[in-house]
Amino acid sequence: MHYLSAGSGALKAVELDTLTAIYDRRSGQTHVVVSPVPEILEALLFPRTLGGLIAALGADDDDATRAILTERLKELRDIGLIDRS
Amino acid sequence: MRHRFDVRIGPVSFRIGSDWRAPIAALEALYSGYPRDCMVPDYTVRLEATRPWRRWIRSSVKIGGDHMLPEALPLPLAQGLLAAEMGMNLQVALGERRFLLLHAASVERDGRALILTGESGSGKSTLSALLMGAGWRFLGDEFVLLDPETGALHPFPRAISLKNESIAAVGAHVADNRFGPLLTDTPKGTIRHLRPDVRAIADMAVPAAPAMILFPRYGLPESVREVLPGETFVRLTQASTNYTALGERGFGALTRLVTALPALAIDYPDTDSALDRVAALWRSQ
């Protein structure tokens with residue numbers, strides 16, 4: 001299973017402070033997110049498995065990290081910022 | 001319609017049609033000195049009787065126009081001027097696409113503009129009126145018009161809507177002949193409109209570069225707090241009626257604005273301390 005961000009063609013991100021505003025050109029929606037979402041979207045400019053994403057983020061690959069990241073990835077899929085294949 | 005009033009305010013022109021003469025007469029007096037050259041107005045407002053007989057019996061004004069809210073309640077004829085002002089607000093709020101609209105007041109000094117934004121009742125209209133009296137150029141008190149391409153603020157100096165205690169607070173500093181009629185028992189209490197000064201009208205085509213954002217709150221102990229760009233961004237999207245409609249243009253304009261400008265939340269107990277605080281903050285830039 002691989003995850004992939006919608007990419008810069010669809011998303012425009014502007015770092016404001018600890019918050020990042022992301023405009024989705026496909027839906028016209030604006031999302032305001034905090035770390036590690038911008039880092040996740042950056043890492044998923046290329047398709048990655050969950051393990052590959054964890055490695056790209058420089059995090060420890062353990063059960064707790066996998067559980068948290070799986071939850072975040074589901075949220076990002078629900079709002080259309082990433083896809084899963 | 002039987003009676004008509006055309007007016008241009010900054011980059012926006014209106015045609016207000018009315019079943020009654022009285023609201024038009026009030027508009028003519030309140031907007032005395034404004035350009036009236038509108039061959040094809042941007043927006044039309046209609047002040048209509050809710051039923052044909054209501055033109056004469058218990059006259060009730062329905063607010064219509066290019067853009068309407070079907071659920072809006074009619075107003076008594078005595079508040080016809082307020083109905084016209086609400087109608088103009090509605091047209092701009094729902095129809096404007098050239099500029100990003102922020103629900104804010106703004107004033108200018110030396111080509112640079114101060115944006116005053118916050119919830120209704122926070123005191124931004126009163127503060128903008130008092131700053132006008134203190135030598136600032138008044139740009140507007142209901143909407144800030146932000147050009148998405150240039151980032152400039154375009155003046156939109158409508159009559160200032162003062163409510164309840166603010167009427168006396170500003171009235172102590174301004175000649176009575178710039179005020180419209182006192183309107184009581186409106187949905188927002190007592191209202192009186194103030195015509196901006198001669199300079200605001202004369203320079204309504206001169207844009208200004210935004211320089212600072214303030215979130216004022218009246219009636220609280222004095223305090224100043226920095227507002228970070230993220231919070232400013234979220235609050236300003238909530239204060240905009242057309243951010244979503246403008247799409248990426250609006251996103252770009254607003255993110256550029258909040259990342260370029262300092263923003264502060266200021267609380268003040270009275271208008272004198274507000275004016276002092278604003279002057280000090282402006283000098284410190």
# chains A, B, ... in the order shown; residues from 1 in each chain; ligands from 1
call {"tool": "residues_around", "arguments": {"residues": "Val32 of chain A", "least_positions_apart": "4", "cutoff": "7 Å", "atoms": "only C-alpha atoms", "output": "list in words"}}
result
Leu19, Thr20, Ala21 and Ile22 of chain A
call {"tool": "closest_atom_pairs", "arguments": {"of": "chain B", "to": "chain A", "cutoff": "7 Å", "atoms": "only C-alpha atoms", "output": "JSON lines"}}
result
{"residue": "B:Pro229", "atom": "CA", "partner": "A:Leu16", "partner_atom": "CA", "distance": 5.4}
{"residue": "B:Gly230", "atom": "CA", "partner": "A:Leu16", "partner_atom": "CA", "distance": 5.3}
{"residue": "B:Gly247", "atom": "CA", "partner": "A:Gly28", "partner_atom": "CA", "distance": 5.8}
{"residue": "B:Phe251", "atom": "CA", "partner": "A:Tyr23", "partner_atom": "CA", "distance": 7.0}
{"residue": "B:Thr259", "atom": "CA", "partner": "A:Leu16", "partner_atom": "CA", "distance": 6.3}
call {"tool": "residues_around", "arguments": {"residues": "Leu254 of chain B", "least_positions_apart": "5", "cutoff": "10 Å", "atoms": "only C-alpha atoms", "output": "list in words"}}
result
Leu100, Leu102, Leu146, Pro148, Gly151, Thr232, Phe233, Val234, Leu236, Thr237, Tyr243, Glu248, Arg249, Thr259 and Ala260 of chain B
call {"tool": "residues_around", "arguments": {"residues": "segment 51-65 of chain A", "least_positions_apart": "4", "cutoff": "12 Å", "atoms": "only C-alpha atoms", "output": "compact mmCIF listing (two decimals) with N, CA and C atoms, in the first residue's frame"}}
result
# COMPACT_ATOMS: atom_id res chain seq x y z
N MET A 1 0.85 -1.19 0.00
CA MET A 1 0.00 0.00 0.00
C MET A 1 0.88 1.24 0.00
N HIS A 2 0.61 2.14 -0.91
CA HIS A 2 1.40 3.37 -1.02
C HIS A 2 0.51 4.60 -0.82
N TYR A 3 1.15 5.63 -0.30
CA TYR A 3 0.46 6.91 -0.11
C TYR A 3 1.12 7.94 -1.02
N LEU A 4 0.30 8.88 -1.51
CA LEU A 4 0.81 9.92 -2.41
C LEU A 4 0.05 11.22 -2.16
N SER A 5 0.79 12.30 -2.03
CA SER A 5 0.15 13.60 -1.83
C SER A 5 -0.46 14.09 -3.13
N SER A 35 2.41 21.10 11.99
CA SER A 35 3.36 20.01 11.86
C SER A 35 2.79 18.76 12.56
N PRO A 36 2.91 17.58 12.00
CA PRO A 36 3.78 17.22 10.88
C PRO A 36 3.10 17.15 9.51
N VAL A 37 1.89 17.76 9.39
CA VAL A 37 1.17 17.64 8.11
C VAL A 37 1.98 18.20 6.94
N PRO A 38 2.56 19.40 7.05
CA PRO A 38 3.34 19.88 5.90
C PRO A 38 4.51 18.95 5.57
N GLU A 39 5.12 18.42 6.59
CA GLU A 39 6.24 17.51 6.36
C GLU A 39 5.75 16.21 5.71
N ILE A 40 4.60 15.73 6.11
CA ILE A 40 4.03 14.51 5.51
C ILE A 40 3.73 14.76 4.04
N LEU A 41 3.10 15.89 3.74
CA LEU A 41 2.75 16.19 2.34
C LEU A 41 4.01 16.34 1.49
N GLU A 42 5.04 16.95 2.06
CA GLU A 42 6.30 17.09 1.33
C GLU A 42 6.91 15.72 1.05
N ALA A 43 6.91 14.87 2.05
CA ALA A 43 7.50 13.53 1.89
C ALA A 43 6.71 12.70 0.89
N LEU A 44 5.41 12.93 0.81
CA LEU A 44 4.55 12.13 -0.08
C LEU A 44 4.41 12.74 -1.46
N LEU A 45 5.32 13.62 -1.83
CA LEU A 45 5.35 14.05 -3.24
C LEU A 45 5.71 12.86 -4.12
N PHE A 46 6.31 11.85 -3.49
CA PHE A 46 6.59 10.59 -4.17
C PHE A 46 5.82 9.50 -3.42
N PRO A 47 5.33 8.46 -4.14
CA PRO A 47 4.58 7.40 -3.45
C PRO A 47 5.48 6.71 -2.43
N LEU A 69 0.57 7.79 12.85
CA LEU A 69 0.69 8.21 11.45
C LEU A 69 -0.46 7.65 10.61
N THR A 70 -0.87 6.42 10.92
CA THR A 70 -2.00 5.84 10.18
C THR A 70 -3.25 6.69 10.37
N GLU A 71 -3.45 7.18 11.60
CA GLU A 71 -4.59 8.03 11.90
C GLU A 71 -4.49 9.35 11.13
N ARG A 72 -3.32 9.96 11.13
CA ARG A 72 -3.13 11.24 10.41
C ARG A 72 -3.35 11.04 8.92
N LEU A 73 -2.85 9.95 8.38
CA LEU A 73 -3.00 9.69 6.95
C LEU A 73 -4.47 9.49 6.59
call {"tool": "closest_residue", "arguments": {"among": "B:Lys188, B:Arg8, B:Arg158, B:Arg54", "to": "Ser120 of chain B", "atoms": "only C-alpha atoms"}}
result
B:Lys188
call {"tool": "residues_around", "arguments": {"residues": "segment 173-187 of chain B", "least_positions_apart": "6", "cutoff": "10 Å", "atoms": "only C-alpha atoms", "output": "PyMOL selection string"}}
result
chain B and resi 26-27+29-32+73+75-76+78-82+129-130+133-134+159-164+167+193-197
call {"tool": "residues_around", "arguments": {"residues": "Glu149 of chain B", "least_positions_apart": "4", "cutoff": "10 Å", "atoms": "only C-alpha atoms", "output": "ChimeraX atom specification"}}
result
/B:98-99,249-250,252-253
call {"tool": "select_by_dssp", "arguments": {"residues": "segment 28-255 of chain B", "states": "strand (DSSP E or B)", "output": "MDAnalysis selection string"}}
result
chainID B and resid 43:49 60:65 75:76 100:102 104:109 112:117 137:140 144:146 153:154 160:163 179 183:186 189:194 208:218 223:226
call {"tool": "select_by_dssp", "arguments": {"residues": "segment 84-253 of chain B", "states": "alpha helix (DSSP H)", "output": "NGL selection string"}}
result
:B and (84-95 or 124-133 or 165-171 or 198-202 or 229-238 or 243-246 or 248-253)
call {"tool": "decode", "arguments": {"residues": "segment 271-282 of chain B", "atoms": "all heavy atoms", "output": "JSON list (two decimals), in the first residue's frame"}}
result
[["chain", "number", "residue", "atom", "x", "y", "z"],
["B", 271, "THR", "N", -12.06, 55.82, 24.58],
["B", 271, "THR", "CA", -11.57, 56.24, 23.26],
["B", 271, "THR", "C", -10.28, 57.04, 23.36],
["B", 271, "THR", "O", -9.42, 56.93, 22.47],
["B", 271, "THR", "CB", -12.64, 57.08, 22.54],
["B", 271, "THR", "OG1", -13.09, 58.12, 23.41],
["B", 271, "THR", "CG2", -13.83, 56.22, 22.16],
["B", 272, "ASP", "N", -10.08, 57.81, 24.40],
["B", 272, "ASP", "CA", -8.84, 58.58, 24.53],
["B", 272, "ASP", "C", -7.64, 57.65, 24.60],
["B", 272, "ASP", "O", -6.61, 57.88, 23.95],
["B", 272, "ASP", "CB", -8.88, 59.48, 25.78],
["B", 272, "ASP", "CG", -9.75, 60.71, 25.56],
["B", 272, "ASP", "OD1", -10.04, 61.02, 24.38],
["B", 272, "ASP", "OD2", -10.15, 61.35, 26.55],
["B", 273, "SER", "N", -7.74, 56.59, 25.39],
["B", 273, "SER", "CA", -6.62, 55.67, 25.49],
["B", 273, "SER", "C", -6.42, 54.92, 24.17],
["B", 273, "SER", "O", -5.29, 54.58, 23.81],
["B", 273, "SER", "CB", -6.80, 54.70, 26.66],
["B", 273, "SER", "OG", -7.98, 53.96, 26.51],
["B", 274, "ALA", "N", -7.52, 54.68, 23.44],
["B", 274, "ALA", "CA", -7.39, 54.02, 22.14],
["B", 274, "ALA", "C", -6.60, 54.88, 21.18],
["B", 274, "ALA", "O", -5.69, 54.40, 20.49],
["B", 274, "ALA", "CB", -8.77, 53.74, 21.56],
["B", 275, "LEU", "N", -6.93, 56.16, 21.12],
["B", 275, "LEU", "CA", -6.22, 57.07, 20.21],
["B", 275, "LEU", "C", -4.74, 57.16, 20.58],
["B", 275, "LEU", "O", -3.87, 57.17, 19.71],
["B", 275, "LEU", "CB", -6.88, 58.45, 20.23],
["B", 275, "LEU", "CG", -8.30, 58.51, 19.65],
["B", 275, "LEU", "CD1", -8.90, 59.91, 19.82],
["B", 275, "LEU", "CD2", -8.30, 58.12, 18.17],
["B", 276, "ASP", "N", -4.45, 57.24, 21.87],
["B", 276, "ASP", "CA", -3.05, 57.30, 22.31],
["B", 276, "ASP", "C", -2.32, 56.03, 21.93],
["B", 276, "ASP", "O", -1.17, 56.06, 21.48],
["B", 276, "ASP", "CB", -2.99, 57.49, 23.84],
["B", 276, "ASP", "CG", -3.43, 58.87, 24.27],
["B", 276, "ASP", "OD1", -3.47, 59.78, 23.41],
["B", 276, "ASP", "OD2", -3.76, 59.04, 25.46],
["B", 277, "ARG", "N", -2.97, 54.89, 22.13],
["B", 277, "ARG", "CA", -2.34, 53.60, 21.85],
["B", 277, "ARG", "C", -2.04, 53.49, 20.35],
["B", 277, "ARG", "O", -0.95, 53.09, 19.96],
["B", 277, "ARG", "CB", -3.25, 52.46, 22.29],
["B", 277, "ARG", "CG", -2.74, 51.08, 21.90],
["B", 277, "ARG", "CD", -1.45, 50.71, 22.56],
["B", 277, "ARG", "NE", -1.61, 50.50, 23.98],
["B", 277, "ARG", "CZ", -0.61, 50.25, 24.82],
["B", 277, "ARG", "NH1", 0.63, 50.20, 24.36],
["B", 277, "ARG", "NH2", -0.86, 50.06, 26.09],
["B", 278, "VAL", "N", -3.01, 53.84, 19.52],
["B", 278, "VAL", "CA", -2.81, 53.75, 18.07],
["B", 278, "VAL", "C", -1.67, 54.65, 17.63],
["B", 278, "VAL", "O", -0.80, 54.26, 16.84],
["B", 278, "VAL", "CB", -4.11, 54.10, 17.31],
["B", 278, "VAL", "CG1", -3.83, 54.25, 15.82],
["B", 278, "VAL", "CG2", -5.16, 53.03, 17.54],
["B", 279, "ALA", "N", -1.63, 55.87, 18.17],
["B", 279, "ALA", "CA", -0.56, 56.80, 17.80],
["B", 279, "ALA", "C", 0.81, 56.24, 18.18],
["B", 279, "ALA", "O", 1.77, 56.32, 17.41],
["B", 279, "ALA", "CB", -0.79, 58.16, 18.46],
["B", 280, "ALA", "N", 0.89, 55.65, 19.37],
["B", 280, "ALA", "CA", 2.16, 55.10, 19.84],
["B", 280, "ALA", "C", 2.59, 53.91, 18.99],
["B", 280, "ALA", "O", 3.77, 53.79, 18.62],
["B", 280, "ALA", "CB", 2.04, 54.68, 21.31],
["B", 281, "LEU", "N", 1.65, 53.03, 18.66],
["B", 281, "LEU", "CA", 1.99, 51.87, 17.83],
["B", 281, "LEU", "C", 2.43, 52.30, 16.45],
["B", 281, "LEU", "O", 3.36, 51.73, 15.86],
["B", 281, "LEU", "CB", 0.79, 50.93, 17.74],
["B", 281, "LEU", "CG", 0.40, 50.19, 19.03],
["B", 281, "LEU", "CD1", -0.93, 49.45, 18.86],
["B", 281, "LEU", "CD2", 1.51, 49.23, 19.44],
["B", 282, "TRP", "N", 1.77, 53.30, 15.91],
["B", 282, "TRP", "CA", 2.11, 53.76, 14.55],
["B", 282, "TRP", "C", 3.50, 54.37, 14.53],
["B", 282, "TRP", "O", 4.27, 54.16, 13.60],
["B", 282, "TRP", "CB", 1.07, 54.77, 14.08],
["B", 282, "TRP", "CG", 1.07, 55.02, 12.61],
["B", 282, "TRP", "CD1", 1.52, 56.14, 11.96],
["B", 282, "TRP", "CD2", 0.60, 54.14, 11.59],
["B", 282, "TRP", "NE1", 1.35, 56.00, 10.61],
["B", 282, "TRP", "CE2", 0.80, 54.79, 10.36],
["B", 282, "TRP", "CE3", 0.05, 52.86, 11.61],
["B", 282, "TRP", "CZ2", 0.42, 54.20, 9.14],
["B", 282, "TRP", "CZ3", -0.31, 52.28, 10.40],
["B", 282, "TRP", "CH2", -0.11, 52.95, 9.18]]
